[in-house]
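The data block below is entry05.cif; it holds mmCIF, C-alpha atoms, pLDDT in the B column; chains and numbers go by the auth columns.
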```cif
data_input
#
loop_
_atom_site.group_PDB
_atom_site.id
_atom_site.type_symbol
_atom_site.label_atom_id
_atom_site.label_comp_id
_atom_site.label_asym_id
_atom_site.label_seq_id
_atom_site.Cartn_x
_atom_site.Cartn_y
_atom_site.Cartn_z
_atom_site.B_iso_or_equiv
_atom_site.auth_seq_id
_atom_site.auth_asym_id
ATOM 1 C CA MET A 1 0.000 0.000 0.000 79.00 215 A
ATOM 2 C CA TYR A 2 1.326 3.404 -0.966 85.00 216 A
ATOM 3 C CA VAL A 3 0.013 6.616 0.634 86.00 217 A
ATOM 4 C CA GLU A 4 0.843 10.128 -0.507 86.00 218 A
ATOM 5 C CA ALA A 5 -0.576 13.070 1.451 88.00 219 A
ATOM 6 C CA ARG A 6 -0.823 16.507 -0.104 88.00 220 A
ATOM 7 C CA SER A 7 -2.555 19.633 1.094 87.00 221 A
ATOM 8 C CA ASP A 8 -5.551 19.170 -1.239 90.00 222 A
ATOM 9 C CA ARG A 9 -5.798 15.341 -1.420 89.00 223 A
ATOM 10 C CA VAL A 10 -4.521 12.002 -0.179 92.00 224 A
ATOM 11 C CA THR A 11 -3.656 9.312 -2.713 91.00 225 A
ATOM 12 C CA VAL A 12 -3.833 5.674 -1.611 92.00 226 A
ATOM 13 C CA ILE A 13 -2.604 2.964 -3.979 91.00 227 A
ATOM 14 C CA PHE A 14 -3.128 -0.762 -3.459 88.00 228 A
ATOM 15 C CA SER A 15 -1.332 -3.413 -5.388 88.00 229 A
ATOM 16 C CA THR A 16 -3.019 -6.759 -5.649 88.00 230 A
ATOM 17 C CA VAL A 17 -1.963 -10.047 -7.168 87.00 231 A
ATOM 18 C CA PHE A 18 -4.709 -11.908 -8.979 88.00 232 A
ATOM 19 C CA ARG A 19 -4.552 -15.704 -8.874 85.00 233 A
ATOM 20 C CA ASP A 20 -5.721 -16.342 -12.422 87.00 234 A
ATOM 21 C CA GLU A 21 -6.921 -14.600 -15.572 88.00 235 A
ATOM 22 C CA ASP A 22 -10.570 -14.820 -14.510 89.00 236 A
ATOM 23 C CA ASP A 23 -9.777 -12.849 -11.357 89.00 237 A
ATOM 24 C CA VAL A 24 -8.147 -10.123 -13.474 88.00 238 A
ATOM 25 C CA VAL A 25 -11.266 -9.771 -15.633 90.00 239 A
ATOM 26 C CA ILE A 26 -13.671 -9.768 -12.683 91.00 240 A
ATOM 27 C CA GLY A 27 -11.400 -7.317 -10.824 88.00 241 A
ATOM 28 C CA LYS A 28 -11.445 -4.953 -13.819 88.00 242 A
ATOM 29 C CA VAL A 29 -15.232 -5.108 -13.993 90.00 243 A
ATOM 30 C CA PHE A 30 -15.525 -4.539 -10.246 89.00 244 A
ATOM 31 C CA THR A 31 -13.263 -1.478 -10.279 85.00 245 A
ATOM 32 C CA GLN A 32 -15.089 -0.167 -13.363 86.00 246 A
ATOM 33 C CA GLU A 33 -18.295 -0.326 -11.324 87.00 247 A
ATOM 34 C CA LEU A 34 -16.551 1.615 -8.553 84.00 248 A
ATOM 35 C CA LYS A 35 -15.648 4.282 -11.100 81.00 249 A
ATOM 36 C CA GLU A 36 -19.264 4.396 -12.279 83.00 250 A
ATOM 37 C CA GLY A 37 -20.401 4.693 -8.666 79.00 251 A
ATOM 38 C CA ARG A 38 -18.865 8.120 -8.547 77.00 252 A
ATOM 39 C CA ARG A 39 -21.530 9.308 -10.994 79.00 253 A
ATOM 40 C CA ALA A 40 -24.235 8.259 -8.559 80.00 254 A
ATOM 41 C CA SER A 41 -22.585 9.889 -5.550 81.00 255 A
ATOM 42 C CA HIS A 42 -20.428 12.950 -6.076 79.00 256 A
ATOM 43 C CA THR A 43 -19.038 12.571 -2.565 82.00 257 A
ATOM 44 C CA ALA A 44 -17.393 9.241 -3.439 84.00 258 A
ATOM 45 C CA PRO A 45 -13.614 9.241 -3.872 87.00 259 A
ATOM 46 C CA GLN A 46 -12.067 8.969 -7.288 86.00 260 A
ATOM 47 C CA VAL A 47 -11.066 5.379 -8.120 87.00 261 A
ATOM 48 C CA LEU A 48 -8.527 4.425 -10.794 86.00 262 A
ATOM 49 C CA PHE A 49 -7.418 0.966 -11.884 87.00 263 A
ATOM 50 C CA SER A 50 -4.276 0.065 -13.789 86.00 264 A
ATOM 51 C CA HIS A 51 -3.410 -3.422 -14.913 83.00 265 A
ATOM 52 C CA ARG A 52 0.164 -4.702 -15.398 82.00 266 A
ATOM 53 C CA GLU A 53 1.822 -1.276 -15.117 82.00 267 A
ATOM 54 C CA PRO A 54 2.038 0.732 -11.880 84.00 268 A
ATOM 55 C CA PRO A 55 0.432 4.193 -11.809 84.00 269 A
ATOM 56 C CA MET A 56 2.463 7.374 -12.337 82.00 270 A
ATOM 57 C CA GLU A 57 3.080 7.828 -8.600 83.00 271 A
ATOM 58 C CA LEU A 58 4.976 4.528 -8.524 81.00 272 A
ATOM 59 C CA GLN A 59 6.894 4.818 -11.805 79.00 273 A
ATOM 60 C CA ASN A 60 10.376 5.221 -10.304 79.00 274 A
ATOM 61 C CA THR A 61 9.976 2.639 -7.553 81.00 275 A
ATOM 62 C CA ASP A 62 10.430 -1.113 -7.359 78.00 276 A
ATOM 63 C CA ALA A 63 6.703 -1.692 -7.955 81.00 277 A
ATOM 64 C CA LYS A 64 5.973 -5.076 -9.504 80.00 278 A
ATOM 65 C CA VAL A 65 4.972 -5.388 -13.146 83.00 279 A
ATOM 66 C CA GLY A 66 3.184 -8.427 -14.542 80.00 280 A
ATOM 67 C CA ASP A 67 0.079 -9.886 -16.121 82.00 281 A
ATOM 68 C CA ASN A 68 -1.509 -10.757 -12.782 83.00 282 A
ATOM 69 C CA ILE A 69 -0.718 -7.478 -10.984 87.00 283 A
ATOM 70 C CA GLY A 70 -3.314 -4.755 -10.588 86.00 284 A
ATOM 71 C CA TYR A 71 -3.128 -1.332 -8.958 88.00 285 A
ATOM 72 C CA ILE A 72 -6.172 0.381 -7.467 89.00 286 A
ATOM 73 C CA THR A 73 -5.824 4.089 -6.700 90.00 287 A
ATOM 74 C CA PHE A 74 -8.117 6.073 -4.409 91.00 288 A
ATOM 75 C CA VAL A 75 -7.917 9.840 -4.434 90.00 289 A
ATOM 76 C CA LEU A 76 -9.324 11.125 -1.134 91.00 290 A
ATOM 77 C CA PHE A 77 -10.324 14.748 -0.821 89.00 291 A
ATOM 78 C CA PRO A 78 -10.678 16.876 2.348 88.00 292 A
ATOM 79 C CA ARG A 79 -14.315 15.791 2.771 87.00 293 A
ATOM 80 C CA HIS A 80 -13.022 12.209 3.222 89.00 294 A
ATOM 81 C CA THR A 81 -10.253 13.125 5.648 88.00 295 A
ATOM 82 C CA ASN A 82 -11.950 15.680 7.903 89.00 296 A
ATOM 83 C CA LYS A 83 -12.376 14.842 11.605 90.00 297 A
ATOM 84 C CA GLN A 84 -15.931 13.511 11.223 90.00 298 A
ATOM 85 C CA ALA A 85 -15.185 11.153 8.300 88.00 299 A
ATOM 86 C CA ARG A 86 -11.561 10.219 8.979 88.00 300 A
ATOM 87 C CA GLU A 87 -12.170 7.068 11.079 91.00 301 A
ATOM 88 C CA ASN A 88 -14.714 5.655 8.643 90.00 302 A
ATOM 89 C CA THR A 89 -12.475 6.391 5.655 90.00 303 A
ATOM 90 C CA ILE A 90 -9.495 4.677 7.272 89.00 304 A
ATOM 91 C CA ASN A 91 -11.587 1.608 8.130 91.00 305 A
ATOM 92 C CA LEU A 92 -12.997 1.343 4.604 90.00 306 A
ATOM 93 C CA ILE A 93 -9.622 1.834 2.903 90.00 307 A
ATOM 94 C CA HIS A 94 -7.970 -0.618 5.272 89.00 308 A
ATOM 95 C CA MET A 95 -10.502 -3.360 4.404 92.00 309 A
ATOM 96 C CA PHE A 96 -10.622 -2.705 0.653 90.00 310 A
ATOM 97 C CA ARG A 97 -8.291 -5.498 -0.519 88.00 311 A
ATOM 98 C CA ASP A 98 -10.276 -8.109 1.423 90.00 312 A
ATOM 99 C CA TYR A 99 -13.496 -6.562 0.108 91.00 313 A
ATOM 100 C CA LEU A 100 -12.245 -6.790 -3.485 90.00 314 A
ATOM 101 C CA HIS A 101 -11.119 -10.413 -3.231 90.00 315 A
ATOM 102 C CA TYR A 102 -14.330 -11.394 -1.428 93.00 316 A
ATOM 103 C CA HIS A 103 -16.420 -9.970 -4.267 92.00 317 A
ATOM 104 C CA ILE A 104 -14.238 -11.620 -6.895 92.00 318 A
ATOM 105 C CA LYS A 105 -14.745 -14.966 -5.181 93.00 319 A
ATOM 106 C CA CYS A 106 -18.510 -14.403 -4.828 95.00 320 A
ATOM 107 C CA SER A 107 -18.767 -13.434 -8.494 94.00 321 A
ATOM 108 C CA LYS A 108 -17.005 -16.619 -9.543 93.00 322 A
ATOM 109 C CA VAL A 109 -19.314 -18.709 -7.359 95.00 323 A
ATOM 110 C CA TYR A 110 -22.356 -17.002 -8.866 96.00 324 A
ATOM 111 C CA ILE A 111 -21.091 -17.500 -12.434 94.00 325 A
ATOM 112 C CA HIS A 112 -20.328 -21.179 -11.763 95.00 326 A
ATOM 113 C CA SER A 113 -23.746 -21.796 -10.217 96.00 327 A
ATOM 114 C CA ARG A 114 -25.433 -20.197 -13.227 96.00 328 A
ATOM 115 C CA MET A 115 -23.289 -22.303 -15.566 96.00 329 A
ATOM 116 C CA ARG A 116 -24.258 -25.479 -13.677 96.00 330 A
ATOM 117 C CA ALA A 117 -27.943 -24.541 -13.874 96.00 331 A
ATOM 118 C CA LYS A 118 -27.701 -23.855 -17.620 96.00 332 A
ATOM 119 C CA THR A 119 -25.833 -27.120 -18.199 96.00 333 A
ATOM 120 C CA SER A 120 -28.563 -28.980 -16.337 95.00 334 A
ATOM 121 C CA GLU A 121 -31.221 -27.296 -18.485 94.00 335 A
ATOM 122 C CA PHE A 122 -29.354 -28.146 -21.687 94.00 336 A
ATOM 123 C CA LEU A 123 -29.002 -31.785 -20.628 93.00 337 A
ATOM 124 C CA LYS A 124 -32.752 -31.990 -20.020 92.00 338 A
ATOM 125 C CA VAL A 125 -33.422 -30.565 -23.489 91.00 339 A
ATOM 126 C CA LEU A 126 -30.970 -33.011 -25.063 90.00 340 A
ATOM 127 C CA ASN A 127 -32.545 -35.943 -23.246 88.00 341 A
ATOM 128 C CA ARG A 128 -36.007 -34.907 -24.445 88.00 342 A
ATOM 129 C CA ALA A 129 -34.709 -34.597 -28.010 84.00 343 A
ATOM 130 C CA ARG A 130 -33.493 -38.211 -28.229 78.00 344 A
ATOM 131 C CA PRO A 131 -35.243 -40.056 -31.029 77.00 345 A
ATOM 132 C CA GLU A 132 -37.661 -42.809 -30.071 73.00 346 A
ATOM 133 C CA PRO A 133 -36.248 -46.257 -30.738 68.00 347 A
ATOM 134 C CA LYS A 134 -37.845 -47.982 -33.701 69.00 348 A
ATOM 135 C CA ALA A 135 -40.159 -50.814 -32.861 64.00 349 A
ATOM 136 C CA ALA A 136 -38.297 -54.063 -33.204 68.00 350 A
ATOM 137 C CA HIS A 137 -39.822 -57.001 -35.129 71.00 351 A
ATOM 138 C CA LYS A 138 -39.154 -60.422 -33.698 75.00 352 A
ATOM 139 C CA LYS A 139 -39.673 -63.763 -35.370 77.00 353 A
ATOM 140 C CA THR A 140 -40.757 -66.922 -33.712 78.00 354 A
ATOM 141 C CA MET A 141 -39.362 -70.355 -34.418 77.00 355 A
ATOM 142 C CA GLN A 142 -42.209 -70.958 -36.892 81.00 356 A
ATOM 143 C CA GLY A 143 -41.355 -67.785 -38.866 78.00 357 A
ATOM 144 C CA LYS A 144 -44.206 -65.608 -37.586 80.00 358 A
ATOM 145 C CA THR A 145 -43.323 -61.941 -36.877 78.00 359 A
ATOM 146 C CA PHE A 146 -44.584 -59.778 -34.026 69.00 360 A
ATOM 147 C CA ARG A 147 -43.828 -56.245 -32.745 65.00 361 A
ATOM 148 C CA LEU A 148 -42.476 -55.391 -29.360 62.00 362 A
ATOM 149 C CA ASP A 149 -43.985 -52.204 -27.913 54.00 363 A
#
```
When written as structure tokens, how does the structure in this file appear?
Amino acid sequence: MYVEARSDRVTVIFSTVFRDEDDVVIGKVFTQELKEGRRASHTAPQVLFSHREPPMELQNTDAKVGDNIGYITFVLFPRHTNKQARENTINLIHMFRDYLHYHIKCSKVYIHSRMRAKTSEFLKVLNRARPEPKAAHKKTMQGKTFRLD
């Protein structure tokens, strides 16, 4: 975690390592929704997400670079760091990485459960679509034929 305090804002940057490619995609979607959340509430902090490359604040540091590395940046303004909001802001920022990974895991569980339900539906359709077996004709020892139903 990287924190930079200025007179007009505080910048907090988290680095997170995603376990697999699916986590990267879900993490991008999740942070995109956080960005969109700012439109709904103008008091929300600015959220930025960078994948593979560290943000500008970390360019000349030993920040990791890789396909499974993501950086989430929060820009906190004085309304987030004043005496009334400071404790809540610190608690929320402190828990963000766990919050992100929890939602990634929940999203994967939801997607897998939907995939299992769809697979079950498709199997039912396939089983209903099986052609009826043709009626077999049997012959007796005397040469007479009869149908089995």
*Counting all atoms listed in the file, the option among A:Met329, A:Ile283, A:Val217, A:Met355 closest to Asp237 of chain A*: A:Ile283
*Can you tell me how far atom CA of Thr257 of chain A sits from atom CA of Phe232 of chain A, in Å to one decimal?*
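Pair atom CA of Thr257 of chain A / atom CA of Phe232 of chain A returns 29.1 Å.
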*Would you mind listing what lies within 9 Å of Glu218 of chain A as a count of residues only, with only C-alpha atoms counted and same-chain residues fewer than 6 positions away left out?*
5
*Counting only C-alpha atoms, figure out which residue out of A:Met309, A:Ile240, A:Leu262, A:Val289 gets nearest to Tyr324 of chain A.*
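Using only C-alpha atoms, the shortest distance to Tyr324 of chain A belongs to A:Ile240.
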*When you draw a straight line from atom CA of Thr295 of chain A to atom CA of Ile307 of chain A, how long is it in Å?*
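For atom CA of Thr295 of chain A relative to atom CA of Ile307 of chain A, the distance reads 11.6 Å.
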